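Structure data (compact mmCIF, C-alpha atoms) from coords-v9.txt:
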```txt
# COMPACT_ATOMS: atom_id res chain seq x y z
CA MET A 86 84.06 -10.70 -0.43
CA THR A 87 80.59 -9.41 -1.20
CA ASP A 88 77.65 -11.24 0.33
CA ALA A 89 75.48 -12.20 -2.67
CA SER A 90 72.69 -13.76 -0.65
CA PRO A 91 69.31 -12.23 -1.48
CA THR A 92 67.70 -9.84 0.97
CA PRO A 93 64.02 -10.13 1.92
CA ASP A 94 63.18 -7.32 -0.49
CA SER A 95 65.34 -8.58 -3.30
CA PRO A 96 63.51 -9.70 -6.47
CA SER A 97 65.86 -12.71 -6.54
CA SER A 98 64.72 -13.89 -3.14
CA PRO A 99 62.88 -17.11 -3.92
CA GLY A 100 60.37 -16.75 -1.10
CA THR A 101 59.47 -13.08 -1.36
CA PRO A 102 57.07 -12.96 -4.35
CA LYS A 103 55.20 -16.01 -3.09
CA PHE A 104 54.96 -14.51 0.40
CA ARG A 105 53.67 -11.20 -0.91
CA ARG A 106 51.05 -12.85 -3.09
CA ARG A 107 49.99 -14.99 -0.14
CA ALA A 108 49.64 -11.99 2.21
CA GLU A 109 47.68 -9.99 -0.33
CA ALA A 110 45.38 -12.94 -1.00
CA ARG A 111 44.60 -13.63 2.66
CA PRO A 112 41.54 -11.34 3.05
CA ASP A 113 39.88 -13.00 0.05
CA GLU A 114 40.81 -16.43 1.38
CA VAL A 115 39.14 -15.55 4.69
CA LEU A 116 36.05 -14.25 2.86
CA ASP A 117 35.86 -17.40 0.73
CA ALA A 118 36.09 -19.55 3.85
CA ALA A 119 33.38 -17.51 5.59
CA LEU A 120 31.05 -17.68 2.60
CA SER A 121 31.51 -21.43 2.30
CA LEU A 122 30.66 -21.96 5.96
CA PHE A 123 27.80 -19.44 6.06
CA SER A 124 26.25 -21.17 3.04
CA ALA A 125 26.73 -24.67 4.42
CA GLN A 126 25.72 -24.28 8.05
CA GLY A 127 24.22 -20.80 8.41
CA TYR A 128 25.54 -17.44 9.59
CA GLY A 129 24.44 -17.92 13.19
CA HIS A 130 26.01 -21.36 13.53
CA THR A 131 29.39 -20.35 12.12
CA THR A 132 32.16 -19.15 14.42
CA VAL A 133 35.27 -17.13 13.68
CA ASP A 134 37.30 -20.12 14.91
CA GLN A 135 35.75 -22.27 12.19
CA ILE A 136 36.39 -19.61 9.56
CA ALA A 137 40.03 -19.32 10.64
CA HIS A 138 40.47 -23.10 10.50
CA ARG A 139 38.91 -23.28 7.01
CA ALA A 140 41.19 -20.45 5.82
CA GLY A 141 44.29 -22.05 7.36
CA LEU A 142 44.92 -19.13 9.70
CA SER A 143 44.80 -18.44 13.41
CA LYS A 144 41.75 -16.71 14.88
CA GLY A 145 43.96 -13.73 15.70
CA ALA A 146 45.08 -13.49 12.08
CA VAL A 147 41.45 -13.34 10.93
CA TYR A 148 40.81 -10.47 13.34
CA LEU A 149 43.73 -8.56 11.79
CA TYR A 150 41.65 -8.32 8.60
CA PHE A 151 38.09 -8.35 9.96
CA PRO A 152 37.25 -7.17 13.50
CA SER A 153 34.06 -9.25 13.76
CA LYS A 154 31.90 -11.86 12.06
CA ARG A 155 29.54 -9.07 10.99
CA ALA A 156 32.46 -7.26 9.36
CA LEU A 157 33.07 -10.41 7.34
CA LEU A 158 29.46 -10.45 6.23
CA GLU A 159 29.57 -6.76 5.32
CA GLU A 160 32.64 -7.26 3.16
CA LEU A 161 31.10 -10.31 1.49
CA VAL A 162 28.11 -8.20 0.44
CA ARG A 163 30.33 -5.34 -0.74
CA ARG A 164 32.62 -7.67 -2.67
CA ALA A 165 29.77 -9.51 -4.38
CA ILE A 166 27.08 -6.91 -4.99
CA GLY A 167 28.78 -3.57 -4.33
CA PRO A 168 29.87 -2.98 -7.96
CA VAL A 169 26.33 -3.66 -9.22
CA ALA A 170 24.81 -1.33 -6.63
CA GLY A 171 27.42 1.30 -7.51
CA PHE A 172 26.45 1.10 -11.18
CA ALA A 173 22.79 1.46 -10.23
CA GLU A 174 23.53 4.58 -8.17
CA GLY A 175 24.87 6.32 -11.27
CA LEU A 176 21.95 5.40 -13.53
CA GLY A 177 20.00 8.61 -13.18
CA ASP A 178 22.91 11.05 -12.90
CA SER A 179 22.21 13.86 -15.38
CA PHE A 180 20.45 11.42 -17.71
CA LYS A 181 17.50 12.70 -19.74
CA GLY A 182 15.79 10.28 -22.06
CA ASP A 183 14.17 6.89 -22.41
CA PRO A 184 15.24 4.93 -19.32
CA ARG A 185 14.62 1.51 -20.87
CA PRO A 186 18.07 1.01 -22.46
CA LEU A 187 19.78 1.87 -19.17
CA ILE A 188 17.47 -0.45 -17.23
CA ALA A 189 18.25 -3.24 -19.71
CA ARG A 190 21.98 -2.65 -19.26
CA PHE A 191 21.60 -2.71 -15.48
CA LEU A 192 19.64 -5.97 -15.52
CA HIS A 193 22.17 -7.62 -17.82
CA ILE A 194 24.96 -6.54 -15.44
CA VAL A 195 23.02 -8.10 -12.56
CA ALA A 196 22.59 -11.33 -14.53
CA ALA A 197 26.29 -11.40 -15.47
CA ALA A 198 27.33 -10.85 -11.85
CA LEU A 199 25.05 -13.60 -10.57
CA THR A 200 26.58 -16.15 -12.94
CA ASN A 201 29.60 -16.08 -10.59
CA PRO A 202 28.89 -18.69 -7.88
CA HIS A 203 30.63 -16.56 -5.23
CA THR A 204 28.40 -13.60 -6.08
CA LEU A 205 25.22 -15.64 -6.34
CA ALA A 206 25.91 -17.27 -2.97
CA VAL A 207 25.49 -13.92 -1.19
CA PRO A 208 21.86 -13.11 -2.16
CA LYS A 209 21.05 -16.79 -1.64
CA LEU A 210 22.45 -16.51 1.88
CA VAL A 211 20.45 -13.34 2.52
CA ILE A 212 17.21 -14.94 1.34
CA ARG A 213 17.71 -18.03 3.51
CA GLU A 214 18.94 -16.22 6.64
CA ALA A 215 17.10 -12.89 6.68
CA MET A 216 14.19 -14.00 8.87
CA ALA A 217 16.38 -15.71 11.47
CA ALA A 218 19.11 -13.04 11.40
CA PRO A 219 17.51 -9.60 10.79
CA GLU A 220 20.93 -7.93 10.75
CA ILE A 221 21.62 -9.72 7.47
CA ALA A 222 18.46 -8.27 5.91
CA GLN A 223 19.32 -4.81 7.21
CA LEU A 224 22.86 -5.02 5.89
CA TYR A 225 21.69 -6.08 2.42
CA ARG A 226 19.06 -3.36 2.42
CA ASP A 227 21.59 -0.67 3.38
CA GLU A 228 24.37 -1.81 1.02
CA VAL A 229 22.28 -2.82 -2.01
CA LEU A 230 18.57 -2.02 -2.02
CA ALA A 231 18.87 1.44 -0.48
CA ARG A 232 21.30 2.35 -3.26
CA ALA A 233 19.67 0.66 -6.25
CA LEU A 234 15.97 1.36 -5.71
CA PRO A 235 16.17 5.18 -5.32
CA ALA A 236 18.41 5.39 -8.40
CA LEU A 237 15.97 3.34 -10.47
CA GLN A 238 13.10 5.45 -9.15
CA ALA A 239 14.85 8.69 -10.19
CA LEU A 240 15.64 7.26 -13.62
CA LEU A 241 12.01 6.25 -14.15
CA ALA A 242 10.70 9.57 -12.80
CA GLN A 243 12.64 11.59 -15.35
CA GLY A 244 11.42 9.21 -18.06
CA VAL A 245 7.82 9.87 -17.04
CA ALA A 246 8.40 13.63 -16.80
CA GLY A 247 9.95 13.71 -20.27
CA GLY A 248 7.22 11.61 -21.86
CA PHE A 249 9.63 8.81 -22.77
CA ILE A 250 7.59 6.18 -20.90
CA ARG A 251 3.97 6.00 -19.83
CA ARG A 252 2.78 7.71 -16.65
CA VAL A 253 3.58 5.08 -14.06
CA ASP A 254 4.32 5.44 -10.36
CA PRO A 255 8.17 5.60 -10.37
CA GLU A 256 8.49 4.15 -6.88
CA MET A 257 6.33 1.13 -7.68
CA ALA A 258 7.91 0.76 -11.13
CA ALA A 259 11.38 0.59 -9.55
CA ARG A 260 10.14 -2.30 -7.42
CA CYS A 261 8.77 -3.95 -10.55
CA VAL A 262 12.22 -3.75 -12.14
CA MET A 263 13.93 -5.49 -9.21
CA GLY A 264 11.08 -7.73 -8.08
CA PRO A 265 11.30 -10.55 -10.64
CA ILE A 266 14.97 -11.20 -9.87
CA ILE A 267 14.31 -11.41 -6.13
CA ALA A 268 11.22 -13.58 -6.69
CA HIS A 269 13.19 -15.81 -9.06
CA LEU A 270 15.83 -16.46 -6.41
CA MET A 271 13.22 -16.99 -3.69
CA LEU A 272 11.29 -19.51 -5.78
CA SER A 273 14.48 -21.48 -6.21
CA GLU A 274 16.08 -21.11 -2.79
CA VAL A 275 13.06 -21.04 -0.48
CA PHE A 276 10.48 -23.12 -2.33
CA GLY A 277 12.76 -25.32 -4.41
CA VAL A 278 11.03 -24.31 -7.66
CA ALA A 279 13.66 -23.78 -10.37
CA PRO A 280 13.10 -23.57 -14.12
CA GLU A 281 14.37 -26.28 -16.40
CA GLY A 282 18.13 -26.00 -16.70
CA GLY A 283 18.65 -24.19 -13.38
CA LEU A 284 18.30 -20.49 -12.60
CA ASN A 285 19.03 -19.45 -16.19
CA LEU A 286 19.10 -15.73 -15.41
CA ASP A 287 19.61 -14.71 -19.04
CA ARG A 288 16.24 -16.25 -19.95
CA LEU A 289 14.61 -14.49 -17.01
CA ILE A 290 16.10 -11.09 -17.91
CA GLU A 291 15.11 -11.30 -21.58
CA THR A 292 11.54 -12.29 -20.68
CA HIS A 293 11.36 -9.63 -17.98
CA LEU A 294 12.60 -6.92 -20.36
CA ALA A 295 10.12 -7.90 -23.07
CA ILE A 296 7.23 -7.49 -20.62
CA LEU A 297 8.68 -4.41 -18.90
CA ASN A 298 9.50 -2.51 -22.09
CA ALA A 299 6.05 -3.15 -23.53
CA GLY A 300 4.44 -2.03 -20.29
CA LEU A 301 6.44 1.22 -20.19
CA GLU A 302 5.64 2.15 -23.80
CA PRO A 303 3.78 5.49 -23.79
CA VAL A 304 0.11 5.23 -24.71
CA ALA A 305 -1.19 7.28 -27.65
CA GLU A 306 -2.88 9.98 -25.59
CA GLU A 307 0.31 10.55 -23.57
CA ARG A 308 2.34 11.06 -26.76
CA ALA A 309 0.01 13.80 -27.99
```
Show how you would write the structure in this file as structure tokens.
Amino acid sequence: MTDASPTPDSPSSPGTPKFRRRAEARPDEVLDAALSLFSAQGYGHTTVDQIAHRAGLSKGAVYLYFPSKRALLEELVRRAIGPVAGFAEGLGDSFKGDPRPLIARFLHIVAAALTNPHTLAVPKLVIREAMAAPEIAQLYRDEVLARALPALQALLAQGVAGGFIRRVDPEMAARCVMGPIIAHLMLSEVFGVAPEGGLNLDRLIETHLAILNAGLEPVAEERA
């Protein structure tokens, strides 16, 4: 008589698909637990034990995925902001032309990403914790700012060289592109000054682009 009971790898095994989905989801569950606790009580006051308890795992199980609390923070930044920083890095690759449409696309991608509460929670955490925990500021700088700012600078520099925008300092102009978003978050998170209706990043981006694009328009003598 043939044993028809399902094996662990059998598609008919009732527990296998659920188990596999659960195992694959565990790193994200740990990250979600860490982000919730970091946001609620601060990075420095959160322990791996607390994260494990929130995620429903043992401390040892957490360490199977992330060797340290800093590794958790690193992965939170990469998960939330890494795709945006990666897009920024490719902005100036072999591009020759008016940089303003690409800058607009980049800023809209930033705004779209920050509409996700899990993504928005990461820069909020950085802003609140950076002074007390310098390693957080360094991590964000290395993973995000050090990738986005040089790419924006290169994009603006070629625009100046080609006469597509006015002769501005590309390094300072790159800071002007990013600055309003950072200031917008700081006004809300540090000083408690939010516009009517909440952060409303789309309104900020449209206003920022209107001012930025007008300011980058070549002046008559530079066109000649």
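Considering the residues A:Pro168, A:Pro152, A:Pro235, A:Pro208 and counting all atoms listed in the file, Ile221 of chain A has its shortest atom-to-atom contact with A:Pro208.
In this model, the gap between atom CA of His269 of chain A and atom CA of Ala242 of chain A comes to 25.8 Å.
These residues, each with an atom at most 7 Å from (30.4, -21.4, -3.8) using only C-alpha atoms, are A:Ser121, A:Pro202, A:His203, A:Ala206.
Using only C-alpha atoms, the nearest neighbour of Arg260 of chain A within the list A:Leu284, A:Ala189, A:Ala125, A:Leu234 is A:Leu234.
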Return the padded bounding box of segment 112-118 of chain A as AutoDock Vina command-line options: axis-aligned, built from all atoms listed in the file, 4 Å added on each side, with centre and edge lengths in Å to one decimal.
```
--center_x 38.7 --center_y -15.4 --center_z 2.4 --size_x 13.7 --size_y 16.2 --size_z 12.6
```
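Residues in contact with segment 157-167 of chain A at up to 9 Å, not including ones fewer than 3 positions away on its chain and judged by all atoms listed in the file, are Val115, Leu116, Asp117, Ala119, Leu120, Tyr128, Tyr150, Phe151, Pro152, Ser153, Lys154, Ala170, Gly171, Phe172, Val195, Ala198, Leu199, His203, Thr204, Leu205, Ala206, Val207, Pro208, Ile221, Leu224, Tyr225, Glu228 and Val229 of chain A.
Atom pair atom CA of Val278 of chain A / atom CA of Ala196 of chain A has a distance of 18.7 Å (rounded to one decimal).
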| said: List the spatial neighbours of Ala236 of chain A as number ranges by chain - criterion: any atom at most 12 Å away, only C-alpha atoms, same-chain residues fewer than 5 positions off excluded. | reply: A: 170-180, 184, 187-188, 191, 229-231, 241-243, 255-256, 258-260, 262-263
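Across the structure, atom CA of Val275 of chain A and atom CA of His293 of chain A are spaced 21.0 Å apart.
For the choices A:Cys261, A:Ala279, A:Leu270, A:Met216, the atom-to-atom distance to Leu301 of chain A is smallest for A:Cys261 when using all atoms listed in the file.
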| message | Under the rule that only C-alpha atoms are counted, which of A:Lys209, A:Lys144, A:Arg190, A:His138 is the nearest residue to Ile267 of chain A? | response | A:Lys209
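Between Gly129 of chain A and the candidates A:Leu240, A:Ala218, A:Asn201, A:Met257, the tightest atom-to-atom separation, counting only C-alpha atoms, involves A:Ala218.
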